[in-house]
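Trainee: Structure provided below as structure tokens; questions to follow.
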Amino acid sequence: MSRAVVFAYHNVGYRCLSVLIAGGVDIALVVTHEDDPNENVWFGNVASLAREHGIPVVTPDDPNTDAFVAQLAALKPDLIFSFYYRKMLSPALLELAPMGAFNMHGSMLPKYRGRVPVNWAIIRGETESGATLHEMLAKPDAGRIVDQMSVPILPNDTAREVFEKVTVAAELVLHRSLPALKQGTADLKPQNLAEGSYFSGRKAEDGRINWQQSAQALHNLVRAVSEPYPGAFADISGHRLIIWRSIVRTETHLAAGHLHAIDGRIFASMADGSCLELLRAEVDGQVLTATSFVTIFGDTACALPLLEAN
């Protein structure tokens with residue numbers, strides 16, 4: 001029986017750990033994170049799942065210290081897995097697994113290497129995401145590919161909806177790859193990194209709206225940072241607007257560069273005249289309706305701060 005040490009967090013970590021348990025892997029240790037009290041924790045708890053199955057759990061601040069690497073070496077793992085664990089693992093740690101160390105990444109590598117790949121893919125208007133199981137190296141998301149599976153990004157999908165698809169794809173990829181990994185017979189294929197690019201993490205402030213962009217670009221931002229993320233936001237006439245759900249429309253009769261409340265609906269006519277309907281939004285923490293729009297802004301139209309930018 002193959003022995004593994006598993007680094008895991010989030011829903012992908014939860015589901016992939018479930019696959020290893022079901023697949024009869026001898027899991028010597030699960031390494032995960034303590035939940036951040038300042039973070040919106042909406043995902044499955046890896047530590048709870050491991051403890052349900054009698055698997056030891058640790059949450060080191062730094063998994064790459066000499067002392068922790070020595071602790072893992074004493075466990076003599078055949079395999080190391082990382083499923084949405086948030087820290088890079090050192091070469092010294094990766095070398096502890098003679099049958100390989102493997103990571104599950106939320107994109108179709110080599111595209112969207114790096115942080116929050118699903119969010120970036122939506123922002124950039126992609127129609128596809130996916131999950132890739134690959135060999136871990138010192139360079140992030142650069143190792144040979146074991147297997148991958150794509151999922152569609154529909155025009156109005158939010159990041160959470162796409163991430164749910166990616167989680168299922170990750171589970172399926174690991175499930176069909178696991179027998180070969182346990183036997184050491186997996187066929188690993190090199191990546192051509194020139195065909196992709198690396199993306200950094202995102203902060204809440206990156207959701208600030210630039211009204212100079214097109215309605216489609218704003219729609220992509222809205223769905224990429226909608227719940228459980230902080231949302232696409234702007235400050236208008238002293239009020240904080242957050243857009244949670246939107247759809248691109250073909251309205252052409254609205255004055256560009258304005259928010260409009262018309263016939264019980266709310267539209268943003270961008271600087272270029274393209275139009276976005278605000279299906280769900282809030283102002284100062286309260287649900288925005290056509291009626292409250294007039295109360296807040298004093299008219300059925302409100303000029304947008306066109307110089308505001310990301």
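So you can find residues: chains in the structure tokens are A, B, ... in the order shown, residues in each start at 1, and ligands are numbered from 1 in order.
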For Ser18 in chain A, work out the shell of residues within 10 Å, counting only C-alpha atoms and skipping chain neighbours fewer than 2 positions away, then give it as number ranges by chain.

Mentor: A: 12-16, 20-23, 46, 49-50, 53, 171, 175

Trainee: Write the selection just made, keeping C-alpha atoms, as a tab-separated table (two decimals), in the first residue's frame?

Mentor:
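Writing the result to result.tsv gives the following:
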chain	number	residue	atom	x	y	z
A	12	VAL	CA	-10.52	20.91	-3.69
A	13	GLY	CA	-8.48	19.73	-0.72
A	14	TYR	CA	-11.55	18.23	0.92
A	15	ARG	CA	-12.72	16.34	-2.17
A	16	CYS	CA	-9.25	15.15	-3.22
A	20	LEU	CA	-7.32	9.23	-1.51
A	21	ILE	CA	-9.20	7.80	1.45
A	22	ALA	CA	-11.61	5.94	-0.85
A	23	GLY	CA	-8.67	4.76	-2.96
A	46	VAL	CA	-10.06	19.36	5.59
A	49	LEU	CA	-12.53	15.16	7.38
A	50	ALA	CA	-9.08	13.81	8.28
A	53	HIS	CA	-10.97	8.97	9.46
A	171	GLU	CA	-11.90	14.90	-8.04
A	175	HIS	CA	-9.68	9.38	-9.18

Trainee: Identify, on the basis of only C-alpha atoms, every residue whose closest approach to range 110-116 of chain A does not exceed 10 Å; exclude the query and any residue fewer than 6 positions from it along the same chain; express the result as a ChimeraX atom specification.

Mentor: /A:86,129,132,140-145,159,190-202

Trainee: Identify which of the residues A:Gln148, A:Asn40, A:Thr32, A:Gln71 lies closest to Gly106 in chain A, counting only C-alpha atoms when measuring atom-to-atom distances.

Mentor: A:Gln148

Trainee: Residues of range 63-218 of chain A in strand (DSSP E or B) according to DSSP, as an NGL selection string?

Mentor: :A and (79-83 or 101-105 or 113-114 or 128-135 or 145-152 or 189 or 198-199 or 208)

Trainee: Report as a PyMOL selection string: the residues of range 124-246 of chain A with a DSSP assignment of alpha helix (DSSP H), based on the backbone of this structure.

Mentor: chain A and resi 159-183+215-225

Trainee: So, counting only C-alpha atoms, which residue among A:Thr127, A:Leu72, A:Thr300, A:Asp147 is closest to Leu109 in chain A?

Mentor: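 When distances to Leu109 in chain A are compared using only C-alpha atoms, the smallest one comes from A:Asp147.
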
Trainee: I'd like the neighbourhood of Arg223 in chain A as number ranges by chain, where a residue qualifies if any of its atoms comes within 9 Å (using only C-alpha atoms), though same-chain residues fewer than 5 positions away should be ignored.

Mentor: A: 119, 122-123, 156-160, 218, 231-232, 244-246

Trainee: Could you tell me which of A:Ala8, A:Ile153, A:Met136, A:Ala261 comes closest to Arg124 in chain A if we count only C-alpha atoms?

Mentor: A:Ile153

Trainee: Which one is closest to Thr250 in chain A: A:Ser237, A:Ser90, A:Ser107, A:Gln216? Count only C-alpha atoms.

Mentor: A:Gln216

Trainee: A:Ile80, A:Met99, A:Leu279, A:Met1: which is nearest Val30 in chain A, counting only C-alpha atoms?

Mentor: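 Among the listed residues, A:Ile80 lies closest to Val30 in chain A.
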
Trainee: Tell me, as a PDB file with N, CA, C and O atoms, in the first residue's frame, which residues lie within 9 Å of Leu241 in chain A, counting only C-alpha atoms; anything in the same chain fewer than 5 positions away does not count.

Mentor:
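Result written to out_11.pdb:
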ATOM      1  N   ALA A 232     -17.525  43.601  -6.792  1.00  0.00           N
ATOM      2  CA  ALA A 232     -17.090  44.734  -7.614  1.00  0.00           C
ATOM      3  C   ALA A 232     -17.753  45.990  -7.052  1.00  0.00           C
ATOM      4  O   ALA A 232     -18.968  46.038  -6.887  1.00  0.00           O
ATOM      5  N   PHE A 233     -16.960  47.034  -6.795  1.00  0.00           N
ATOM      6  CA  PHE A 233     -17.505  48.178  -6.067  1.00  0.00           C
ATOM      7  C   PHE A 233     -17.028  49.502  -6.657  1.00  0.00           C
ATOM      8  O   PHE A 233     -16.035  49.574  -7.386  1.00  0.00           O
ATOM      9  N   ALA A 234     -17.766  50.548  -6.322  1.00  0.00           N
ATOM     10  CA  ALA A 234     -17.398  51.908  -6.698  1.00  0.00           C
ATOM     11  C   ALA A 234     -17.996  52.871  -5.686  1.00  0.00           C
ATOM     12  O   ALA A 234     -18.999  52.555  -5.029  1.00  0.00           O
ATOM     13  N   ASP A 235     -17.401  54.031  -5.560  1.00  0.00           N
ATOM     14  CA  ASP A 235     -17.929  55.089  -4.704  1.00  0.00           C
ATOM     15  C   ASP A 235     -18.542  56.152  -5.599  1.00  0.00           C
ATOM     16  O   ASP A 235     -17.855  56.737  -6.460  1.00  0.00           O
ATOM     17  N   ILE A 236     -19.841  56.377  -5.416  1.00  0.00           N
ATOM     18  CA  ILE A 236     -20.581  57.315  -6.257  1.00  0.00           C
ATOM     19  C   ILE A 236     -21.322  58.299  -5.368  1.00  0.00           C
ATOM     20  O   ILE A 236     -22.156  57.889  -4.539  1.00  0.00           O
ATOM     21  N   ALA A 281     -27.607  44.380  -6.645  1.00  0.00           N
ATOM     22  CA  ALA A 281     -26.587  45.313  -6.187  1.00  0.00           C
ATOM     23  C   ALA A 281     -27.021  45.882  -4.851  1.00  0.00           C
ATOM     24  O   ALA A 281     -28.171  45.726  -4.419  1.00  0.00           O
ATOM     25  N   GLU A 282     -26.098  46.540  -4.194  1.00  0.00           N
ATOM     26  CA  GLU A 282     -26.413  47.192  -2.930  1.00  0.00           C
ATOM     27  C   GLU A 282     -25.701  48.535  -2.865  1.00  0.00           C
ATOM     28  O   GLU A 282     -24.680  48.754  -3.520  1.00  0.00           O
ATOM     29  N   VAL A 283     -26.277  49.439  -2.097  1.00  0.00           N
ATOM     30  CA  VAL A 283     -25.658  50.730  -1.829  1.00  0.00           C
ATOM     31  C   VAL A 283     -25.626  50.916  -0.317  1.00  0.00           C
ATOM     32  O   VAL A 283     -26.653  50.796   0.351  1.00  0.00           O
ATOM     33  N   ASP A 284     -24.425  51.160   0.191  1.00  0.00           N
ATOM     34  CA  ASP A 284     -24.237  51.343   1.634  1.00  0.00           C
ATOM     35  C   ASP A 284     -24.828  50.186   2.436  1.00  0.00           C
ATOM     36  O   ASP A 284     -25.423  50.372   3.498  1.00  0.00           O
ATOM     37  N   GLY A 285     -24.688  48.975   1.892  1.00  0.00           N
ATOM     38  CA  GLY A 285     -25.123  47.780   2.602  1.00  0.00           C
ATOM     39  C   GLY A 285     -26.583  47.430   2.460  1.00  0.00           C
ATOM     40  O   GLY A 285     -27.025  46.404   2.987  1.00  0.00           O
ATOM     41  N   LEU A 288     -30.203  47.578  -3.531  1.00  0.00           N
ATOM     42  CA  LEU A 288     -30.519  48.676  -4.433  1.00  0.00           C
ATOM     43  C   LEU A 288     -31.675  48.280  -5.341  1.00  0.00           C
ATOM     44  O   LEU A 288     -31.603  47.280  -6.059  1.00  0.00           O
TER      45      LEU A 288
END

Trainee: From the set A:Lys189, A:Arg280, A:His134, A:Arg3, which residue has the shortest atom-to-atom contact distance to Ser226 in chain A, counting only C-alpha atoms?

Mentor: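 Closest to Ser226 in chain A of all the choices is A:Arg280.
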
Trainee: Go ahead and compute the interatomic distance for CA of Val166 in chain A and CA of Leu96 in chain A, in Å to one decimal.

Mentor: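 The value is 28.8 Å.
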
Trainee: Provide the CA of Leu174 in chain A to CA of Thr59 in chain A distance in Å, to one decimal place.

Mentor: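 Separation of CA of Leu174 in chain A and CA of Thr59 in chain A: 23.7 Å.
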
Trainee: Give me, please, the distance in Å between CA of Asp187 in chain A and CA of Leu133 in chain A, quoted to one decimal.

Mentor: 11.8 Å
